[in-house]
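Note: the block below is start_35.cif and it holds mmCIF, N, CA and C atoms.
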data_model
loop_
_atom_site.group_PDB
_atom_site.id
_atom_site.type_symbol
_atom_site.label_atom_id
_atom_site.label_comp_id
_atom_site.auth_asym_id
_atom_site.auth_seq_id
_atom_site.Cartn_x
_atom_site.Cartn_y
_atom_site.Cartn_z
ATOM 1 N N MET R 1491 0.829 -1.203 0.000
ATOM 2 C CA MET R 1491 0.000 0.000 0.000
ATOM 3 C C MET R 1491 0.864 1.254 0.000
ATOM 4 N N ARG R 1492 1.911 1.245 0.815
ATOM 5 C CA ARG R 1492 2.753 2.434 0.946
ATOM 6 C C ARG R 1492 3.511 2.725 -0.353
ATOM 7 N N ARG R 1493 4.042 1.689 -0.980
ATOM 8 C CA ARG R 1493 4.796 1.884 -2.228
ATOM 9 C C ARG R 1493 3.883 2.369 -3.354
ATOM 10 N N SER R 1494 2.694 1.828 -3.449
ATOM 11 C CA SER R 1494 1.789 2.253 -4.522
ATOM 12 C C SER R 1494 1.357 3.708 -4.318
ATOM 13 N N ARG R 1495 1.218 4.119 -3.064
ATOM 14 C CA ARG R 1495 0.857 5.515 -2.808
ATOM 15 C C ARG R 1495 2.010 6.436 -3.198
ATOM 16 N N ASN R 1496 3.240 6.028 -2.926
ATOM 17 C CA ASN R 1496 4.398 6.830 -3.320
ATOM 18 C C ASN R 1496 4.494 6.961 -4.838
ATOM 19 N N VAL R 1497 4.160 5.906 -5.548
ATOM 20 C CA VAL R 1497 4.181 5.940 -7.014
ATOM 21 C C VAL R 1497 3.118 6.903 -7.532
ATOM 22 N N ILE R 1498 1.953 6.902 -6.909
ATOM 23 C CA ILE R 1498 0.876 7.812 -7.326
ATOM 24 C C ILE R 1498 1.276 9.260 -7.084
ATOM 25 N N VAL R 1499 1.854 9.539 -5.901
ATOM 26 C CA VAL R 1499 2.283 10.910 -5.584
ATOM 27 C C VAL R 1499 3.399 11.349 -6.521
ATOM 28 N N ALA R 1500 4.362 10.486 -6.783
ATOM 29 C CA ALA R 1500 5.464 10.830 -7.682
ATOM 30 C C ALA R 1500 4.959 11.086 -9.097
ATOM 31 N N THR R 1501 4.018 10.288 -9.551
ATOM 32 C CA THR R 1501 3.444 10.491 -10.880
ATOM 33 C C THR R 1501 2.712 11.824 -10.956
ATOM 34 N N GLY R 1502 1.974 12.152 -9.905
ATOM 35 C CA GLY R 1502 1.277 13.433 -9.866
ATOM 36 C C GLY R 1502 2.236 14.610 -9.879
ATOM 37 N N LEU R 1503 3.329 14.508 -9.136
ATOM 38 C CA LEU R 1503 4.325 15.592 -9.118
ATOM 39 C C LEU R 1503 5.009 15.751 -10.469
ATOM 40 N N VAL R 1504 5.321 14.649 -11.110
ATOM 41 C CA VAL R 1504 5.945 14.713 -12.437
ATOM 42 C C VAL R 1504 4.972 15.312 -13.454
ATOM 43 N N ALA R 1505 3.707 14.937 -13.376
ATOM 44 C CA ALA R 1505 2.707 15.497 -14.299
ATOM 45 C C ALA R 1505 2.540 17.000 -14.064
ATOM 46 N N PHE R 1506 2.528 17.424 -12.809
ATOM 47 C CA PHE R 1506 2.409 18.851 -12.487
ATOM 48 C C PHE R 1506 3.626 19.628 -12.992
ATOM 49 N N ALA R 1507 4.815 19.073 -12.815
ATOM 50 C CA ALA R 1507 6.030 19.732 -13.298
ATOM 51 C C ALA R 1507 6.039 19.818 -14.821
ATOM 52 N N CYS R 1508 5.614 18.763 -15.477
ATOM 53 C CA CYS R 1508 5.557 18.779 -16.948
ATOM 54 C C CYS R 1508 4.561 19.812 -17.457
ATOM 55 N N ALA R 1509 3.429 19.936 -16.777
ATOM 56 C CA ALA R 1509 2.442 20.936 -17.182
ATOM 57 C C ALA R 1509 3.004 22.347 -16.993
ATOM 58 N N GLY R 1510 3.729 22.575 -15.911
ATOM 59 C CA GLY R 1510 4.334 23.884 -15.682
ATOM 60 C C GLY R 1510 5.411 24.214 -16.694
ATOM 61 N N LEU R 1511 6.187 23.222 -17.092
ATOM 62 C CA LEU R 1511 7.232 23.459 -18.092
ATOM 63 C C LEU R 1511 6.655 23.623 -19.495
ATOM 64 N N ALA R 1512 5.515 23.023 -19.768
ATOM 65 C CA ALA R 1512 4.905 23.113 -21.094
ATOM 66 C C ALA R 1512 4.089 24.386 -21.276
ATOM 67 N N PHE R 1513 3.747 25.073 -20.179
ATOM 68 C CA PHE R 1513 2.892 26.252 -20.266
ATOM 69 C C PHE R 1513 3.482 27.349 -21.157
ATOM 70 N N PRO R 1514 4.771 27.713 -21.056
ATOM 71 C CA PRO R 1514 5.294 28.755 -21.961
ATOM 72 C C PRO R 1514 5.211 28.368 -23.432
ATOM 73 N N PHE R 1515 5.430 27.110 -23.729
ATOM 74 C CA PHE R 1515 5.327 26.667 -25.119
ATOM 75 C C PHE R 1515 3.887 26.749 -25.616
ATOM 76 N N TYR R 1516 2.943 26.487 -24.728
ATOM 77 C CA TYR R 1516 1.528 26.602 -25.079
ATOM 78 C C TYR R 1516 1.166 28.056 -25.367
ATOM 79 N N MET R 1517 1.730 28.987 -24.603
ATOM 80 C CA MET R 1517 1.390 30.395 -24.776
ATOM 81 C C MET R 1517 1.932 30.975 -26.080
ATOM 82 N N VAL R 1518 3.035 30.462 -26.601
ATOM 83 C CA VAL R 1518 3.619 31.028 -27.817
ATOM 84 C C VAL R 1518 3.177 30.310 -29.084
ATOM 85 N N THR R 1519 2.390 29.257 -28.961
ATOM 86 C CA THR R 1519 1.924 28.589 -30.170
ATOM 87 C C THR R 1519 0.945 29.489 -30.904
ATOM 88 N N PRO R 1520 1.013 29.525 -32.232
ATOM 89 C CA PRO R 1520 0.120 30.401 -32.985
ATOM 90 C C PRO R 1520 -1.337 29.956 -32.862
ATOM 91 N N ARG R 1521 -2.180 30.927 -32.601
ATOM 92 C CA ARG R 1521 -3.618 30.688 -32.527
ATOM 93 C C ARG R 1521 -4.313 31.717 -33.395
ATOM 94 N N SER R 1522 -5.607 31.605 -33.509
ATOM 95 C CA SER R 1522 -6.336 32.551 -34.348
ATOM 96 C C SER R 1522 -6.331 33.956 -33.738
ATOM 97 N N LYS R 1523 -6.317 34.070 -32.418
ATOM 98 C CA LYS R 1523 -6.332 35.368 -31.757
ATOM 99 C C LYS R 1523 -5.077 35.501 -30.905
ATOM 100 N N PRO R 1524 -4.259 36.531 -31.125
ATOM 101 C CA PRO R 1524 -3.049 36.681 -30.309
ATOM 102 C C PRO R 1524 -3.401 37.075 -28.871
ATOM 103 N N VAL R 1525 -2.453 36.857 -27.971
ATOM 104 C CA VAL R 1525 -2.679 37.180 -26.567
ATOM 105 C C VAL R 1525 -2.837 38.688 -26.401
ATOM 106 N N ILE R 1526 -1.952 39.471 -27.020
ATOM 107 C CA ILE R 1526 -2.033 40.933 -26.979
ATOM 108 C C ILE R 1526 -2.059 41.431 -28.416
ATOM 109 N N ASP R 1527 -3.081 42.176 -28.775
ATOM 110 C CA ASP R 1527 -3.212 42.729 -30.118
ATOM 111 C C ASP R 1527 -2.483 44.066 -30.151
ATOM 112 N N SER R 1528 -1.390 44.145 -30.900
ATOM 113 C CA SER R 1528 -0.583 45.361 -30.919
ATOM 114 C C SER R 1528 -1.221 46.484 -31.732
ATOM 115 N N SER R 1529 -2.276 46.198 -32.466
ATOM 116 C CA SER R 1529 -2.910 47.258 -33.248
ATOM 117 C C SER R 1529 -3.889 48.081 -32.409
ATOM 118 N N LYS R 1530 -4.270 47.579 -31.243
ATOM 119 C CA LYS R 1530 -5.210 48.290 -30.370
ATOM 120 C C LYS R 1530 -4.457 48.924 -29.205
ATOM 121 N N PRO R 1531 -4.992 50.008 -28.625
ATOM 122 C CA PRO R 1531 -4.335 50.600 -27.458
ATOM 123 C C PRO R 1531 -4.449 49.680 -26.240
ATOM 124 N N LEU R 1532 -3.537 49.871 -25.294
ATOM 125 C CA LEU R 1532 -3.549 49.061 -24.085
ATOM 126 C C LEU R 1532 -4.737 49.422 -23.199
ATOM 127 N N PRO R 1533 -5.317 48.465 -22.522
ATOM 128 C CA PRO R 1533 -6.400 48.777 -21.585
ATOM 129 C C PRO R 1533 -5.830 49.481 -20.346
ATOM 130 N N PRO R 1534 -6.667 50.186 -19.591
ATOM 131 C CA PRO R 1534 -6.169 50.904 -18.412
ATOM 132 C C PRO R 1534 -5.485 50.004 -17.386
ATOM 133 N N GLN R 1535 -5.923 48.756 -17.280
ATOM 134 C CA GLN R 1535 -5.295 47.862 -16.310
ATOM 135 C C GLN R 1535 -3.848 47.562 -16.684
ATOM 136 N N ALA R 1536 -3.538 47.560 -17.975
ATOM 137 C CA ALA R 1536 -2.181 47.271 -18.415
ATOM 138 C C ALA R 1536 -1.285 48.507 -18.354
ATOM 139 N N ILE R 1537 -1.883 49.690 -18.356
ATOM 140 C CA ILE R 1537 -1.093 50.920 -18.323
ATOM 141 C C ILE R 1537 -0.621 51.230 -16.914
ATOM 142 N N ILE R 1538 -1.441 50.929 -15.907
ATOM 143 C CA ILE R 1538 -1.091 51.227 -14.523
ATOM 144 C C ILE R 1538 -0.016 50.244 -14.088
ATOM 145 N N ARG R 1539 1.192 50.768 -13.893
ATOM 146 C CA ARG R 1539 2.321 49.935 -13.478
ATOM 147 C C ARG R 1539 3.095 50.651 -12.391
ATOM 148 N N GLY R 1540 3.986 49.951 -11.767
ATOM 149 C CA GLY R 1540 4.789 50.528 -10.699
ATOM 150 C C GLY R 1540 5.774 51.552 -11.224
ATOM 151 N N PRO R 1541 6.306 52.436 -10.365
ATOM 152 C CA PRO R 1541 7.208 53.483 -10.811
ATOM 153 C C PRO R 1541 8.534 52.944 -11.337
ATOM 154 N N TYR R 1542 8.974 51.789 -10.863
ATOM 155 C CA TYR R 1542 10.267 51.265 -11.302
ATOM 156 C C TYR R 1542 10.142 50.506 -12.611
ATOM 157 N N ILE R 1543 9.003 49.899 -12.860
ATOM 158 C CA ILE R 1543 8.807 49.157 -14.102
ATOM 159 C C ILE R 1543 8.645 50.123 -15.273
ATOM 160 N N ASN R 1544 8.105 51.301 -15.031
ATOM 161 C CA ASN R 1544 7.758 52.230 -16.094
ATOM 162 C C ASN R 1544 8.845 53.275 -16.355
ATOM 163 N N THR R 1545 10.059 53.102 -15.844
ATOM 164 C CA THR R 1545 11.072 54.148 -15.985
ATOM 165 C C THR R 1545 11.557 54.307 -17.423
ATOM 166 N N GLY R 1546 11.671 53.256 -18.189
ATOM 167 C CA GLY R 1546 12.175 53.374 -19.549
ATOM 168 C C GLY R 1546 11.203 52.852 -20.574
ATOM 169 N N SER R 1547 9.946 53.005 -20.328
ATOM 170 C CA SER R 1547 8.919 52.444 -21.187
ATOM 171 C C SER R 1547 8.888 53.157 -22.532
ATOM 172 N N ARG R 1548 8.670 52.413 -23.597
ATOM 173 C CA ARG R 1548 8.606 53.014 -24.935
ATOM 174 C C ARG R 1548 7.195 53.470 -25.296
ATOM 175 N N ASP R 1549 6.184 52.861 -24.682
ATOM 176 C CA ASP R 1549 4.821 53.239 -25.049
ATOM 177 C C ASP R 1549 4.409 54.555 -24.403
ATOM 178 N N ILE R 1550 4.898 54.854 -23.220
ATOM 179 C CA ILE R 1550 4.550 56.097 -22.540
ATOM 180 C C ILE R 1550 5.751 57.036 -22.499
ATOM 181 N N GLY R 1551 6.934 56.488 -22.338
ATOM 182 C CA GLY R 1551 8.146 57.284 -22.278
ATOM 183 C C GLY R 1551 8.596 57.502 -20.848
ATOM 184 N N PRO R 1552 9.842 57.893 -20.682
ATOM 185 C CA PRO R 1552 10.343 58.140 -19.332
ATOM 186 C C PRO R 1552 9.705 59.390 -18.731
ATOM 187 N N ASP R 1553 9.663 59.442 -17.426
ATOM 188 C CA ASP R 1553 9.068 60.568 -16.716
ATOM 189 C C ASP R 1553 10.086 61.709 -16.694
ATOM 190 N N SER R 1554 9.735 62.852 -17.294
ATOM 191 C CA SER R 1554 10.668 63.981 -17.368
ATOM 192 C C SER R 1554 10.616 64.866 -16.134
ATOM 193 N N GLN R 1555 9.629 64.691 -15.288
ATOM 194 C CA GLN R 1555 9.497 65.513 -14.088
ATOM 195 C C GLN R 1555 10.363 64.955 -12.971
ATOM 196 N N THR R 1556 11.025 65.833 -12.231
ATOM 197 C CA THR R 1556 11.800 65.392 -11.064
ATOM 198 C C THR R 1556 10.976 65.648 -9.812
ATOM 199 N N TYR R 1557 11.036 64.716 -8.890
ATOM 200 C CA TYR R 1557 10.260 64.788 -7.669
ATOM 201 C C TYR R 1557 11.183 65.017 -6.482
ATOM 202 N N PRO R 1558 10.809 65.915 -5.564
ATOM 203 C CA PRO R 1558 11.650 66.158 -4.387
ATOM 204 C C PRO R 1558 11.572 64.971 -3.434
ATOM 205 N N LYS R 1559 12.684 64.738 -2.711
ATOM 206 C CA LYS R 1559 12.702 63.667 -1.721
ATOM 207 C C LYS R 1559 11.893 64.099 -0.516
ATOM 208 N N LYS R 1560 11.248 63.146 0.105
ATOM 209 C CA LYS R 1560 10.431 63.459 1.283
ATOM 210 C C LYS R 1560 11.245 63.338 2.542
#

Go ahead and render the structure in this file as structure tokens.
Amino acid sequence: MRRSRNVIVATGLVAFACAGLAFPFYMVTPRSKPVIDSSKPLPPQAIIRGPYINTGSRDIGPDSQTYPKK
């Protein structure tokens, strides 16, 4: 009983790891509708980003205003 349970758990872990490793390949496979359509503007949820992520962005541009330290 104990060995068969270990085999079941190990099989489940291997299947979970394989699914996680295959996910990026699934996302880049060509489909009829792309994940992000570059011909349309970004939705507001995608525009709101943190201050460090948006420092050198090409879609909005770097922030030209300087802010005083608090």

d(atom CA of Ala1512 of chain R, atom CA of Ser1528 of chain R) in Å: 24.9 Å

Where is the centre and how long are the edges: axis-aligned box on segment 1492-1507 of chain R, 4 Å on each side, Å to one decimal, as AutoDock Vina command-line options:
--center_x 3.4 --center_y 10.5 --center_z -6.9 --size_x 13.2 --size_y 26.6 --size_z 23.8

Atomic distance atom CA of Ala1505 of chain R - atom N of Met1517 of chain R, expressed in Å with one decimal: 17.0 Å
